[in-house]
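Structure data (compact mmCIF, C-alpha atoms and all ligand atoms) from coords.txt:
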# COMPACT_ATOMS: atom_id res chain seq x y z
CA MET A 1 124.51 76.29 -72.60
CA VAL A 2 127.55 74.15 -71.90
CA ALA A 3 128.05 71.80 -68.99
CA ARG A 4 129.56 73.57 -66.03
CA PHE A 5 132.04 70.84 -65.28
CA HIS A 6 134.50 69.19 -67.61
CA ASN A 7 136.89 66.33 -67.35
CA VAL A 8 140.55 66.89 -66.74
CA ALA A 9 142.96 66.38 -69.56
CA THR A 10 145.34 63.48 -69.37
CA ALA A 11 146.65 60.69 -71.49
CA THR A 12 148.37 57.47 -70.59
CA ARG A 13 152.07 57.45 -71.25
CA ASP A 14 154.41 54.56 -71.45
CA ALA A 15 157.37 54.19 -69.16
CA SER A 16 159.82 55.00 -71.92
CA ALA A 17 158.29 58.39 -72.59
CA SER A 18 160.75 61.25 -72.60
CA PRO A 19 160.49 63.65 -69.66
CA GLU A 20 158.97 67.06 -70.25
CA PRO A 21 161.53 69.76 -71.01
CA ALA A 22 162.57 72.02 -68.18
CA ARG A 23 160.23 75.00 -67.99
CA ALA A 24 160.88 78.70 -67.88
CA LEU A 25 164.57 78.60 -67.05
CA PRO A 26 165.58 81.18 -69.70
CA ARG A 27 162.92 83.55 -68.36
CA ARG A 28 164.20 83.29 -64.81
CA GLY A 29 167.68 83.94 -66.08
CA THR A 30 166.40 87.09 -67.77
CA ARG A 31 164.87 88.23 -64.49
CA SER A 32 168.25 87.89 -62.78
CA GLY A 33 169.77 90.00 -65.51
CA LEU A 34 167.19 92.75 -64.99
CA CYS A 35 167.82 92.78 -61.24
CA LEU A 36 171.53 93.18 -61.83
CA THR A 37 170.90 96.08 -64.23
CA ALA A 38 168.64 97.79 -61.68
CA LEU A 39 171.25 97.32 -58.97
CA LEU A 40 173.94 99.02 -61.06
CA ALA A 41 171.62 101.90 -61.97
CA VAL A 42 170.75 102.63 -58.34
CA ALA A 43 174.39 102.46 -57.30
CA ALA A 44 175.39 104.93 -60.04
CA CYS A 45 172.63 107.35 -59.02
CA GLY A 46 173.51 107.28 -55.32
CA GLY A 47 177.22 107.74 -55.92
CA GLY A 48 176.94 110.71 -58.27
CA GLY A 49 174.11 112.82 -56.81
CA GLY A 50 174.80 113.23 -53.12
CA GLY A 51 172.31 114.85 -50.71
CA GLY A 52 168.50 114.49 -50.97
CA SER A 53 166.48 111.60 -49.47
CA PRO A 54 168.32 108.39 -48.58
CA SER A 55 168.32 105.62 -51.15
CA PRO A 56 165.70 102.89 -50.60
CA PRO A 57 167.00 99.54 -49.34
CA ILE A 58 168.19 97.30 -52.12
CA GLU A 59 166.80 93.78 -52.22
CA PRO A 60 169.47 91.11 -52.56
CA PRO A 61 169.44 89.27 -55.89
CA PRO A 62 167.65 85.90 -55.94
CA PRO A 63 169.83 82.85 -55.29
CA PRO A 64 171.40 81.22 -58.31
CA ILE A 65 169.16 78.80 -60.15
CA ASP A 66 170.01 75.14 -59.71
CA PRO A 67 169.18 73.61 -63.10
CA THR A 68 169.03 70.14 -61.52
CA GLN A 69 166.03 71.07 -59.37
CA PRO A 70 162.43 71.46 -60.61
CA ALA A 71 160.99 74.97 -60.59
CA LEU A 72 157.89 73.80 -58.71
CA ARG A 73 157.56 71.15 -56.02
CA PHE A 74 154.53 69.41 -54.54
CA THR A 75 154.34 67.59 -51.21
CA GLU A 76 151.92 64.72 -50.55
CA GLN A 77 149.22 66.10 -48.24
CA ALA A 78 146.22 63.83 -48.93
CA ALA A 79 146.19 62.17 -45.51
CA ASN A 80 146.68 65.47 -43.65
CA ALA A 81 143.83 66.99 -45.66
CA GLY A 82 141.45 64.12 -44.87
CA LEU A 83 141.46 62.80 -48.42
CA THR A 84 141.75 59.10 -47.59
CA ARG A 85 139.56 56.39 -49.04
CA THR A 86 139.40 52.74 -50.03
CA TRP A 87 138.99 51.54 -53.59
CA GLY A 88 138.70 48.04 -55.00
CA TYR A 89 136.43 45.17 -55.92
CA ALA A 90 135.08 42.29 -53.91
CA HIS A 91 136.37 39.67 -56.32
CA ALA A 92 139.64 38.98 -58.08
CA PRO A 93 141.10 39.23 -60.60
CA MET A 94 139.79 42.48 -61.98
CA SER A 95 138.42 42.58 -65.50
CA ASP A 96 139.82 45.13 -67.94
CA PRO A 97 136.89 47.54 -67.45
CA GLU A 98 137.21 47.26 -63.67
CA PHE A 99 140.93 47.91 -63.91
CA MET A 100 140.48 51.07 -65.97
CA ALA A 101 137.27 52.47 -64.45
CA SER A 102 136.60 54.67 -61.41
CA GLY A 103 137.70 58.31 -61.42
CA LEU A 104 136.72 61.47 -59.60
CA ALA A 105 135.08 64.85 -60.09
CA ALA A 106 136.75 67.97 -58.71
CA VAL A 107 133.81 70.34 -58.53
CA ASP A 108 132.21 72.97 -56.29
CA TYR A 109 129.17 70.76 -55.78
CA ASP A 110 127.58 73.04 -53.12
CA LEU A 111 128.43 76.29 -54.94
CA ASP A 112 130.08 77.85 -51.88
CA GLY A 113 133.17 78.96 -53.77
CA ASP A 114 135.61 76.14 -53.08
CA ILE A 115 136.36 72.92 -54.94
CA ASP A 116 135.10 69.67 -53.45
CA VAL A 117 136.01 66.14 -54.59
CA TYR A 118 133.71 63.22 -55.40
CA VAL A 119 135.49 59.87 -55.78
CA ALA A 120 134.18 56.52 -57.01
CA GLY A 121 134.95 53.72 -54.59
CA GLY A 122 134.46 50.41 -56.38
CA ASP A 123 132.20 47.86 -54.72
CA LEU A 124 134.30 47.48 -51.56
CA ALA A 125 133.55 50.91 -50.15
CA PRO A 126 131.02 53.66 -50.88
CA ASN A 127 131.78 56.61 -53.12
CA ARG A 128 132.98 59.57 -51.09
CA LEU A 129 132.14 63.25 -51.35
CA PHE A 130 134.93 65.25 -49.76
CA GLU A 131 133.55 68.66 -48.88
CA ASN A 132 136.15 71.41 -48.79
CA GLN A 133 136.25 73.01 -45.30
CA GLY A 134 138.08 76.08 -46.55
CA ASP A 135 141.13 75.48 -44.36
CA GLY A 136 142.95 72.90 -46.44
CA THR A 137 140.98 69.98 -45.06
CA PHE A 138 138.10 67.91 -46.40
CA VAL A 139 135.28 65.95 -44.72
CA ASP A 140 133.34 63.09 -46.33
CA VAL A 141 129.69 64.14 -46.45
CA ALA A 142 128.48 61.52 -48.95
CA PRO A 143 126.26 59.73 -46.39
CA ASP A 144 124.65 63.05 -45.43
CA VAL A 145 123.66 63.98 -48.98
CA GLY A 146 122.79 60.57 -50.43
CA LEU A 147 125.88 60.02 -52.56
CA ASP A 148 127.48 57.16 -50.57
CA LEU A 149 126.74 54.73 -53.39
CA VAL A 150 128.37 51.31 -53.46
CA HIS A 151 128.88 50.17 -57.04
CA LYS A 152 131.53 49.77 -59.69
CA GLY A 153 131.21 53.46 -60.43
CA SER A 154 133.08 55.41 -63.07
CA GLY A 155 133.38 58.97 -64.37
CA PRO A 156 131.14 61.00 -62.03
CA THR A 157 130.05 64.14 -63.87
CA PHE A 158 128.26 67.11 -62.29
CA ALA A 159 126.04 69.51 -64.22
CA ASP A 160 122.84 71.47 -63.65
CA ILE A 161 120.83 68.94 -65.58
CA ASP A 162 117.39 70.40 -64.79
CA GLY A 163 118.45 74.04 -65.00
CA ASP A 164 117.28 74.98 -61.49
CA GLY A 165 120.62 76.47 -60.44
CA ASP A 166 122.19 73.62 -58.47
CA LEU A 167 124.49 70.83 -59.60
CA ASP A 168 123.15 67.33 -60.19
CA VAL A 169 125.32 64.33 -61.05
CA PHE A 170 125.52 61.30 -63.33
CA ILE A 171 127.77 58.40 -62.33
CA GLY A 172 128.52 55.62 -64.82
CA ALA A 173 129.50 52.05 -63.92
CA VAL A 174 131.15 48.98 -65.41
CA GLU A 175 130.37 45.28 -65.66
CA ASP A 176 126.59 45.82 -65.68
CA ASP A 177 126.65 47.41 -62.23
CA PRO A 178 124.11 50.16 -61.53
CA TYR A 179 124.68 53.64 -62.94
CA TYR A 180 123.00 56.63 -61.31
CA LEU A 181 121.32 59.86 -62.35
CA MET A 182 120.97 61.89 -59.15
CA GLU A 183 118.86 65.03 -58.79
CA ASN A 184 120.00 67.66 -56.30
CA ARG A 185 117.00 68.62 -54.16
CA ASP A 186 118.03 71.31 -51.68
CA GLY A 187 121.40 69.70 -51.08
CA THR A 188 120.25 66.09 -50.93
CA PHE A 189 120.69 63.88 -53.99
CA VAL A 190 117.76 61.68 -55.07
CA ASP A 191 118.02 58.75 -57.49
CA VAL A 192 115.87 59.52 -60.54
CA THR A 193 117.40 56.85 -62.79
CA PRO A 194 114.40 54.46 -62.96
CA SER A 195 112.07 57.08 -64.47
CA SER A 196 114.70 58.85 -66.60
CA GLY A 197 114.53 56.70 -69.73
CA LEU A 198 118.22 55.87 -69.32
CA ASP A 199 117.85 52.20 -70.19
CA ILE A 200 121.48 51.50 -70.97
CA PHE A 201 122.31 48.05 -72.32
CA ALA A 202 126.04 48.66 -72.68
CA PRO A 203 127.81 46.83 -69.84
CA ASN A 204 130.32 49.63 -69.32
CA THR A 205 129.73 53.37 -69.04
CA PHE A 206 133.09 54.96 -68.37
CA SER A 207 132.31 58.66 -68.43
CA ALA A 208 129.88 61.39 -69.46
CA ALA A 209 129.68 64.95 -70.77
CA PHE A 210 126.81 67.42 -70.72
CA ALA A 211 126.07 70.18 -73.24
CA ASP A 212 123.13 71.65 -75.11
CA TYR A 213 124.17 70.33 -78.51
CA ASP A 214 120.72 70.93 -80.08
CA GLU A 215 120.39 74.43 -78.62
CA ASP A 216 116.90 73.90 -77.21
CA GLY A 217 117.83 75.22 -73.78
CA ASP A 218 118.57 72.02 -71.84
CA LEU A 219 121.66 69.92 -71.24
CA ASP A 220 121.97 66.76 -73.29
CA MET A 221 124.39 63.96 -72.47
CA ALA A 222 127.07 61.95 -74.23
CA LEU A 223 128.36 58.67 -72.79
CA ALA A 224 131.44 56.54 -73.48
CA HIS A 225 131.03 52.76 -73.37
CA TRP A 226 134.47 51.13 -73.72
CA GLY A 227 134.11 47.41 -74.38
CA ASN A 228 130.53 47.56 -75.62
CA PRO A 229 129.99 45.08 -78.50
CA GLU A 230 128.99 46.66 -81.81
CA ARG A 231 125.23 47.16 -82.07
CA ASP A 232 122.77 49.38 -83.90
CA ASP A 233 122.44 51.83 -81.06
CA THR A 234 125.75 52.75 -79.49
CA GLU A 235 123.91 54.65 -76.69
CA THR A 236 126.39 57.50 -77.11
CA LEU A 237 124.13 60.56 -77.37
CA TRP A 238 121.12 61.12 -75.09
CA ARG A 239 118.75 63.99 -75.77
CA ASN A 240 117.23 65.75 -72.78
CA ASN A 241 113.44 65.76 -73.14
CA GLY A 242 112.83 67.69 -69.91
CA GLU A 243 111.31 66.59 -66.62
CA TRP A 244 114.34 64.41 -65.95
CA THR A 245 113.85 62.20 -69.01
CA PHE A 246 116.37 61.31 -71.69
CA GLU A 247 116.06 59.59 -75.08
CA SER A 248 118.79 57.71 -76.88
CA TYR A 249 119.53 59.69 -80.03
CA SER A 250 122.70 58.11 -81.39
CA ARG A 251 121.05 56.60 -84.46
CA GLN A 252 119.04 59.68 -85.39
CA ALA A 253 122.15 61.82 -84.93
CA ARG A 254 124.16 59.47 -87.24
CA ILE A 255 126.74 58.79 -84.55
CA ALA A 256 125.95 55.11 -84.06
CA GLU A 257 126.69 54.20 -87.67
CA THR A 258 130.21 55.62 -87.63
CA LEU A 259 131.41 55.55 -84.01
CA ILE A 260 133.05 52.16 -84.39
CA ASP A 261 135.40 52.94 -87.19
CA SER A 262 138.22 50.79 -88.49
CA SER A 263 139.44 53.15 -91.15
CA ASP A 264 142.96 53.13 -89.79
CA PRO A 265 144.73 50.46 -91.88
CA GLU A 266 147.49 50.04 -89.35
CA GLU A 267 144.94 49.37 -86.66
CA LEU A 268 143.24 46.73 -88.81
CA GLN A 269 146.44 44.71 -88.66
CA ILE A 270 146.12 44.63 -84.87
CA ARG A 271 142.40 44.27 -84.33
CA ALA A 272 140.45 41.72 -86.38
CA PRO A 273 136.99 42.78 -87.57
CA ALA A 274 135.44 40.13 -85.32
CA PHE A 275 136.50 42.23 -82.37
CA ARG A 276 134.77 45.41 -83.52
CA ARG A 277 133.44 47.17 -80.49
CA ASP A 278 133.00 50.58 -78.91
CA ASN A 279 136.39 51.63 -77.57
CA SER A 280 135.48 55.12 -76.38
CA PHE A 281 136.73 56.39 -73.03
CA THR A 282 135.59 60.01 -72.81
CA PRO A 283 133.16 62.27 -74.67
CA ASN A 284 133.65 66.00 -74.89
CA PHE A 285 131.56 68.75 -76.47
CA THR A 286 133.18 71.82 -77.96
CA ASP A 287 132.85 74.00 -81.05
CA ILE A 288 135.91 72.52 -82.69
CA ASP A 289 135.27 74.06 -86.13
CA SER A 290 134.23 77.48 -84.76
CA ASP A 291 130.94 77.57 -86.65
CA GLY A 292 128.86 78.32 -83.56
CA ASP A 293 127.53 74.87 -82.64
CA LEU A 294 128.88 72.19 -80.33
CA ASP A 295 130.73 69.31 -81.94
CA LEU A 296 131.53 66.00 -80.24
CA LEU A 297 134.97 64.51 -79.66
CA MET A 298 135.17 60.90 -78.51
CA ALA A 299 138.58 60.09 -77.03
CA SER A 300 138.98 56.36 -77.54
CA ASP A 301 141.26 53.37 -77.38
CA PHE A 302 142.99 51.51 -80.23
CA ARG A 303 143.20 54.44 -82.66
CA THR A 304 139.45 54.94 -82.78
CA SER A 305 139.12 58.46 -81.36
CA GLN A 306 136.57 60.34 -83.44
CA VAL A 307 135.48 63.88 -84.26
CA PHE A 308 131.80 64.44 -85.06
CA SER A 309 130.88 67.81 -86.53
CA ASN A 310 127.48 69.18 -85.56
CA ASP A 311 125.38 69.70 -88.71
CA GLY A 312 123.06 72.11 -86.89
CA ASP A 313 119.97 69.98 -87.52
CA GLY A 314 120.35 67.48 -84.67
CA ARG A 315 122.69 65.28 -86.68
CA PHE A 316 126.46 64.89 -86.80
CA THR A 317 128.95 64.08 -89.55
CA LEU A 318 132.10 62.06 -88.89
CA THR A 319 135.02 64.34 -89.77
CA THR A 320 137.95 62.55 -88.15
CA ASP A 321 141.22 63.28 -89.88
CA ARG A 322 143.16 60.11 -89.12
CA GLU A 323 146.42 61.86 -89.95
CA VAL A 324 145.79 64.19 -87.01
CA ILE A 325 143.57 62.28 -84.57
CA LYS A 326 145.63 59.23 -83.72
CA ASP A 327 147.45 57.44 -80.94
CA GLN A 328 149.68 54.42 -80.64
CA GLY A 329 146.90 51.88 -80.50
CA GLY A 330 146.65 50.60 -76.94
CA TRP A 331 148.33 47.36 -75.86
CA ALA A 332 150.47 49.13 -73.27
CA ARG A 333 151.39 51.86 -75.69
CA ARG A 334 150.12 55.41 -75.64
CA SER A 335 146.38 55.83 -75.93
CA TRP A 336 144.03 58.67 -75.21
CA THR A 337 141.93 58.02 -72.13
CA THR A 338 140.41 61.34 -71.20
CA THR A 339 140.67 64.74 -72.72
CA THR A 340 139.45 68.27 -72.50
CA THR A 341 139.11 71.00 -75.05
CA ALA A 342 139.32 74.75 -74.76
CA THR A 343 139.06 77.86 -76.87
CA SER A 344 142.23 79.85 -77.32
CA THR A 345 142.12 83.32 -75.81
CA GLY A 346 145.30 84.44 -77.49
CA SER A 347 147.00 84.95 -74.13
CA CA B 1 132.34 73.74 -52.35
CA CA B 2 119.94 71.20 -60.83
CA CA B 3 119.36 70.25 -75.44
CA CA B 4 130.83 73.45 -84.47

Please, can you express the file's structure as structure tokens?
Amino acid sequence: MVARFHNVATATRDASASPEPARALPRRGTRSGLCLTALLAVAACGGGGGGGSPSPPIEPPPPPIDPTQPALRFTEQAANAGLTRTWGYAHAPMSDPEFMASGLAAVDYDLDGDIDVYVAGGDLAPNRLFENQGDGTFVDVAPDVGLDLVHKGSGPTFADIDGDGDLDVFIGAVEDDPYYLMENRDGTFVDVTPSSGLDIFAPNTFSAAFADYDEDGDLDMALAHWGNPERDDTETLWRNNGEWTFESYSRQARIAETLIDSSDPEELQIRAPAFRRDNSFTPNFTDIDSDGDLDLLMASDFRTSQVFSNDGDGRFTLTTDREVIKDQGGWARRSWTTTTTATSTGS
């Protein structure tokens, strides 16, 4: 069983990055060519046959393509759709975790067939849950359902954590602010964090992912703790023990001992060993080696993104190929922040 909601893929890019190449222009040109061929064929048929039923009306060819214009345009509609909110912190200046945290979940939280949006609000304004009205507009219902939390929230992640058919949510936080595990009880969310066993010492929890990595029928959780000092338990993997309780399993799973890895020699020139810390931004479960079990990818800062292969016995083996899994090492250059993975369908 895999979590029903995943993060959206993105990566930071520096200002000097080259623009994406123009898309699909040759294909559109081909379409014009086909229309022209069809036009000539119809004209030849009508001129030579005579009599019979009248020829169908001929659609005019599409206008010429302007290569200077994008093929697809978007117009800002957030305010018209009711998607307005306030974000920020009560003090200044912002710390690095505060600057990079927050985020949203685009998810059908009420399972009525349309996508709603849950947005973290910082500690100046409550988190908002924008319920899709089905007509292009959204209404904030967070106060009605118990999700109008005021905290330095980050990476809200919805999943059916207790397997009862509705979506629950975990919301991380930074700078030792409260994080929340919220159970969906008939449409109202109840804070079950105090009795959940989620005693997280890491000051920053940026994001989460849910999946049944140990194949025992319930959703387990992985967390990313950018900025957490190196310690024995990295608090990365949390095993679901049922009844809304979790147990830190990073050490037993052999993730804690290898998560903070400085094997990249180029990175060692930038980051002194004294600064070893957890630099992970986003966890993601997927069967990356196609052997039938869920592996764990940690997208991280400063060239420390990692791939952990599931050994099938509750443990993981670090299998990062640093020639493949790499970035430009932070410091205003390109770094992975969040990611998603998918299985190719061949289409
Ligand atoms: Ca919905
Ligand atoms: Ca549920
Ligand atoms: Ca499980
Ligand atoms: Ca696998």

Original post:
Out of A:Met100, A:Ile58, A:Met94, A:Val107, which residue has the shortest atom-to-atom distance to ligand CA 1 (chain B) when counting all atoms listed in the file?
Top reply: A:Val107

Original post:
ligand CA 4 (chain B): which residues are within 10 Å, counting only C-alpha atoms and all ligand atoms, as a PyMOL selection string?
Top reply: chain A and resi 213+285-296+308-312+316

Subject >> Protein, DNA and RNA residues within 9 Å of (135.3, 51.8, -50.1), all atoms listed in the file, as a ChimeraX atom specification >> reply: /A:85-89,120-128,150

Original post:
A:Asp114, A:Asp220, A:Asp96, A:Asp321: which is nearest ligand CA 1 (chain B), counting only C-alpha atoms and all ligand atoms?
Top reply: A:Asp114

Original post:
Using all atoms listed in the file, which residue out of A:Tyr179, A:Phe189, A:Ser195, A:Ala106 lies closest to Ala142 of chain A?
Top reply: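 Under the stated criterion, the closest residue is A:Phe189.
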
Subject >> Pick from A:Val174, A:Leu181, A:Leu72, A:Ile65, whichever lies nearest to ligand CA 2 (chain B) using only C-alpha atoms and all ligand atoms >> reply: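 Using only C-alpha atoms and all ligand atoms, the shortest distance to ligand CA 2 (chain B) belongs to A:Leu181.
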
Original post:
Got a sec to check which residues lie within 10 Å of ligand CA 3 (chain B), using only C-alpha atoms and all ligand atoms, and send them as a list of chain:residue names?
Top reply: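 If we count only C-alpha atoms and all ligand atoms, the neighbours of ligand CA 3 (chain B) turn out to be A:Met1, A:Val2, A:Phe210, A:Ala211, A:Asp212, A:Tyr213, A:Asp214, A:Glu215, A:Asp216, A:Gly217, A:Asp218, A:Leu219, A:Asp220, A:Met221, A:Trp238, A:Arg239, A:Asn240, A:Asn241, A:Gly242, A:Gly314.
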
For the residues in the current selection, export C-alpha atoms as a compact mmCIF listing (two decimals), keeping the file's coordinate frame.
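So again_6.txt came out as:
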# COMPACT_ATOMS: atom_id res chain seq x y z
CA MET A 1 124.51 76.29 -72.60
CA VAL A 2 127.55 74.15 -71.90
CA PHE A 210 126.81 67.42 -70.72
CA ALA A 211 126.07 70.18 -73.24
CA ASP A 212 123.13 71.65 -75.11
CA TYR A 213 124.17 70.33 -78.51
CA ASP A 214 120.72 70.93 -80.08
CA GLU A 215 120.39 74.43 -78.62
CA ASP A 216 116.90 73.90 -77.21
CA GLY A 217 117.83 75.22 -73.78
CA ASP A 218 118.57 72.02 -71.84
CA LEU A 219 121.66 69.92 -71.24
CA ASP A 220 121.97 66.76 -73.29
CA MET A 221 124.39 63.96 -72.47
CA TRP A 238 121.12 61.12 -75.09
CA ARG A 239 118.75 63.99 -75.77
CA ASN A 240 117.23 65.75 -72.78
CA ASN A 241 113.44 65.76 -73.14
CA GLY A 242 112.83 67.69 -69.91
CA GLY A 314 120.35 67.48 -84.67

**OP:** Select the residues contacting ligand CA 2 (chain B) at a distance of at most 9 Å, based on all atoms listed in the file, then format the selection as a list in words.
**Re:**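 What falls inside 9 Å of ligand CA 2 (chain B) is Ala159, Asp160, Ile161, Asp162, Gly163, Asp164, Gly165, Asp166, Leu167, Asp168, Val169, Glu183, Asn184 and Arg185 of chain A.
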
Please produce a file of the residues just selected, as a compact mmCIF listing (two decimals), in the frame of the given file, where the atoms kept are C-alpha atoms.
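Output saved as again_8.txt:
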# COMPACT_ATOMS: atom_id res chain seq x y z
CA ALA A 159 126.04 69.51 -64.22
CA ASP A 160 122.84 71.47 -63.65
CA ILE A 161 120.83 68.94 -65.58
CA ASP A 162 117.39 70.40 -64.79
CA GLY A 163 118.45 74.04 -65.00
CA ASP A 164 117.28 74.98 -61.49
CA GLY A 165 120.62 76.47 -60.44
CA ASP A 166 122.19 73.62 -58.47
CA LEU A 167 124.49 70.83 -59.60
CA ASP A 168 123.15 67.33 -60.19
CA VAL A 169 125.32 64.33 -61.05
CA GLU A 183 118.86 65.03 -58.79
CA ASN A 184 120.00 67.66 -56.30
CA ARG A 185 117.00 68.62 -54.16

Original post:
Pick from A:Val139, A:Val190, A:Ala173, A:Ala256: nearest to Asp233 of chain A, with all atoms listed in the file counted?
Top reply: A:Ala256

Subject >> Contacts to ligand CA 1 (chain B) at 8 Å cut-off (all atoms listed in the file) as number ranges by chain >> reply: A: 107-116, 131-132

**OP:** Give me, please, the distance in Å between atom CA of Phe170 of chain A and atom CA of Asn80 of chain A, quoted to one decimal.
**Re:**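 These two atoms are separated by 29.2 Å.
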
Original post:
Expressed in Å to a single decimal, how great is the separation between atom CA of Thr157 of chain A and atom CA of Thr193 of chain A?
Top reply: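 Atom CA of Thr193 of chain A lies at a distance of 14.6 Å from atom CA of Thr157 of chain A.
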
Original post:
Please, what distance in Å, to one decimal, runs between atom CA of Leu259 of chain A and atom CA of Ser102 of chain A?
Top reply: 23.2 Å

Original post:
From the list A:Thr258, A:Asp191, A:Arg277, A:Ala224, which residue is nearest Trp244 of chain A when using only C-alpha atoms?
Top reply: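 Nearest to Trp244 of chain A: A:Asp191.
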
Write out as AutoDock Vina command-line options an axis-aligned box for segment 100-118 of chain A: all of its atoms listed in the file, 6 Å added on each side, centre and edge lengths in Å with one decimal.
--center_x 134.0 --center_y 65.0 --center_z -58.9 --size_x 24.9 --size_y 39.9 --size_z 26.1

Original post:
Excluding same-chain residues fewer than 3 positions from Pro143 of chain A, what lies within 9 Å of it counting only C-alpha atoms, as an MDAnalysis selection string?
Top reply: chainID A and resid 126 128:129 140 146:149

Subject >> Polymer residues at most 12 Å from Ala202 of chain A, all atoms listed in the file, same-chain spacing of 3 or more positions, as a list in words >> reply: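 Once the nearby chain positions are removed, what remains is Gly172, Ala173, Val174, Glu175, Asp176, Asp177, Pro178, Tyr179, Leu198, Asp199, Thr205, Phe206, Leu223, Ala224, His225, Trp226, Gly227, Asn228, Pro229, Glu230, Arg231, Asp232, Asp233, Thr234, Glu235, Thr236, Arg277, Asp278 and Asn279 of chain A.
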
Export segment 57-69 of chain A from the structure block above, keeping C-alpha atoms, as a PDB file, in the first residue's frame.
ATOM      1  CA  PRO A  57     -17.720  22.305 -45.561  1.00  0.00           C
ATOM      2  CA  ILE A  58     -13.970  22.617 -45.418  1.00  0.00           C
ATOM      3  CA  GLU A  59     -12.472  23.946 -42.205  1.00  0.00           C
ATOM      4  CA  PRO A  60      -9.987  26.754 -42.748  1.00  0.00           C
ATOM      5  CA  PRO A  61      -6.388  25.857 -41.924  1.00  0.00           C
ATOM      6  CA  PRO A  62      -5.123  26.921 -38.478  1.00  0.00           C
ATOM      7  CA  PRO A  63      -3.383  30.292 -38.315  1.00  0.00           C
ATOM      8  CA  PRO A  64       0.355  30.296 -38.859  1.00  0.00           C
ATOM      9  CA  ILE A  65       2.403  29.468 -35.788  1.00  0.00           C
ATOM     10  CA  ASP A  66       4.228  32.390 -34.222  1.00  0.00           C
ATOM     11  CA  PRO A  67       7.474  30.848 -32.956  1.00  0.00           C
ATOM     12  CA  THR A  68       7.989  33.809 -30.604  1.00  0.00           C
ATOM     13  CA  GLN A  69       4.872  32.948 -28.582  1.00  0.00           C
TER      14      GLN A  69
END
